[in-house]
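Source file upload_27.pdb; content: PDB, C-alpha atoms.
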```
ATOM      1  CA  MET A 151     155.243 -59.405 -14.139  1.00  0.00           C
ATOM      2  CA  GLY A 152     157.600 -61.103 -11.684  1.00  0.00           C
ATOM      3  CA  THR A 153     158.891 -59.994  -8.353  1.00  0.00           C
ATOM      4  CA  SER A 154     162.329 -58.987  -7.182  1.00  0.00           C
ATOM      5  CA  VAL A 155     163.992 -58.491  -3.829  1.00  0.00           C
ATOM      6  CA  LEU A 156     165.063 -55.061  -2.591  1.00  0.00           C
ATOM      7  CA  SER A 157     167.162 -54.874   0.552  1.00  0.00           C
ATOM      8  CA  LEU A 158     167.319 -51.650   2.560  1.00  0.00           C
ATOM      9  CA  ARG A 159     169.320 -50.493   5.520  1.00  0.00           C
ATOM     10  CA  ILE A 160     167.303 -48.099   7.708  1.00  0.00           C
ATOM     11  CA  ASP A 161     167.770 -46.870  11.232  1.00  0.00           C
ATOM     12  CA  GLY A 162     165.825 -48.337  14.130  1.00  0.00           C
ATOM     13  CA  GLU A 163     163.724 -45.224  14.718  1.00  0.00           C
ATOM     14  CA  LEU A 164     162.423 -45.205  11.146  1.00  0.00           C
ATOM     15  CA  LEU A 165     161.696 -48.936  11.290  1.00  0.00           C
ATOM     16  CA  GLU A 166     159.662 -48.457  14.467  1.00  0.00           C
ATOM     17  CA  ARG A 167     157.665 -45.652  12.844  1.00  0.00           C
ATOM     18  CA  LEU A 168     157.010 -47.879   9.823  1.00  0.00           C
ATOM     19  CA  ARG A 169     155.911 -50.697  12.125  1.00  0.00           C
ATOM     20  CA  ARG A 170     153.450 -48.385  13.899  1.00  0.00           C
ATOM     21  CA  HIS A 171     152.001 -47.062  10.645  1.00  0.00           C
ATOM     22  CA  ALA A 172     151.693 -50.595   9.256  1.00  0.00           C
ATOM     23  CA  ALA A 173     150.104 -51.914  12.455  1.00  0.00           C
ATOM     24  CA  LYS A 174     147.457 -49.158  12.398  1.00  0.00           C
ATOM     25  CA  ARG A 175     146.410 -50.486   9.013  1.00  0.00           C
ATOM     26  CA  GLY A 176     146.726 -54.164   9.910  1.00  0.00           C
ATOM     27  CA  MET A 177     149.576 -54.604   7.430  1.00  0.00           C
ATOM     28  CA  SER A 178     153.096 -55.965   7.482  1.00  0.00           C
ATOM     29  CA  VAL A 179     155.911 -53.444   7.172  1.00  0.00           C
ATOM     30  CA  GLN A 180     156.729 -54.895   3.751  1.00  0.00           C
ATOM     31  CA  ASP A 181     153.157 -54.461   2.495  1.00  0.00           C
ATOM     32  CA  TYR A 182     152.969 -50.945   3.947  1.00  0.00           C
ATOM     33  CA  VAL A 183     156.219 -49.840   2.273  1.00  0.00           C
ATOM     34  CA  VAL A 184     155.292 -51.398  -1.074  1.00  0.00           C
ATOM     35  CA  GLY A 185     151.854 -49.783  -0.927  1.00  0.00           C
ATOM     36  CA  THR A 186     153.413 -46.407  -0.157  1.00  0.00           C
ATOM     37  CA  LEU A 187     155.819 -46.718  -3.079  1.00  0.00           C
ATOM     38  CA  VAL A 188     153.052 -47.769  -5.459  1.00  0.00           C
ATOM     39  CA  ARG A 189     150.835 -44.900  -4.316  1.00  0.00           C
ATOM     40  CA  ASP A 190     153.678 -42.386  -4.760  1.00  0.00           C
ATOM     41  CA  ASP A 191     154.414 -43.746  -8.238  1.00  0.00           C
ATOM     42  CA  PHE A 192     150.729 -43.479  -9.155  1.00  0.00           C
ATOM     43  CA  ASP A 193     150.610 -39.876  -7.898  1.00  0.00           C
ATOM     44  CA  GLU A 194     153.592 -38.945 -10.083  1.00  0.00           C
ATOM     45  CA  ARG A 195     152.112 -40.621 -13.155  1.00  0.00           C
ATOM     46  CA  PHE A 196     148.706 -39.032 -12.509  1.00  0.00           C
ATOM     47  CA  GLN A 197     150.221 -35.551 -12.204  1.00  0.00           C
ATOM     48  CA  ALA A 198     152.129 -36.096 -15.465  1.00  0.00           C
ATOM     49  CA  ALA A 199     148.890 -37.152 -17.175  1.00  0.00           C
ATOM     50  CA  VAL A 200     147.079 -34.063 -15.851  1.00  0.00           C
ATOM     51  CA  ALA A 201     149.884 -31.830 -17.107  1.00  0.00           C
ATOM     52  CA  GLU A 202     149.751 -33.461 -20.543  1.00  0.00           C
ATOM     53  CA  THR A 203     145.968 -33.033 -20.671  1.00  0.00           C
ATOM     54  CA  LYS A 204     146.249 -29.349 -19.750  1.00  0.00           C
ATOM     55  CA  LYS A 205     148.940 -28.895 -22.380  1.00  0.00           C
ATOM     56  CA  PHE A 206     146.768 -30.643 -24.966  1.00  0.00           C
ATOM     57  CA  TYR A 207     143.784 -28.401 -24.201  1.00  0.00           C
ATOM     58  CA  GLY A 208     145.953 -25.275 -23.880  1.00  0.00           C
ATOM     59  CA  ALA A 209     145.184 -24.717 -20.213  1.00  0.00           C
ATOM     60  CA  ALA A 210     148.785 -24.861 -19.052  1.00  0.00           C
TER
END
```

Spell out the structure here as structure tokens.
Amino acid sequence: MGTSVLSLRIDGELLERLRRHAAKRGMSVQDYVVGTLVRDDFDERFQAAVAETKKFYGAA
């Protein structure tokens, strides 16, 4: 799987908040944002899998 570039325009206040959150974790802003997006995507896929499992077992 290759990589691509995504360019965003965000306000200065949000960028500063992202910088603080990233710094607390010893990460770059880019790594922090990518990690957050990956985690959110995982959460969505996990919830879909749980729902499918419940449907399969008749618990939903």

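The residues returned by the PyMOL selection byres ((chain A and resi 168) around 12) on the shown structure are Ile160, Asp161, Gly162, Glu163, Leu164, Leu165, Glu166, Arg167, Arg169, Arg170, His171, Ala172, Ala173, Lys174, Arg175, Met177, Ser178, Val179, Gln180, Asp181, Tyr182, Val183, Val184 and Thr186 of chain A.
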
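Here atom CA of Gly152 of chain A is placed at a distance of 25.2 Å from atom CA of Gly176 of chain A.
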
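Computed from the coordinates, the atom CA of Ala198 of chain A to atom CA of Gly185 of chain A distance equals 20.0 Å.
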
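Picture a line from atom CA of Val188 of chain A to atom CA of Leu156 of chain A; it runs 14.3 Å.
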
Taking all atoms of segment 162-171 of chain A that the file lists, what box with edges along x, y and z, padded by 8 Å per side, do you get, with centre and edge lengths in Å to one decimal, as AutoDock Vina command-line options?
```
--center_x 158.9 --center_y -48.0 --center_z 12.3 --size_x 29.8 --size_y 21.5 --size_z 20.9
```
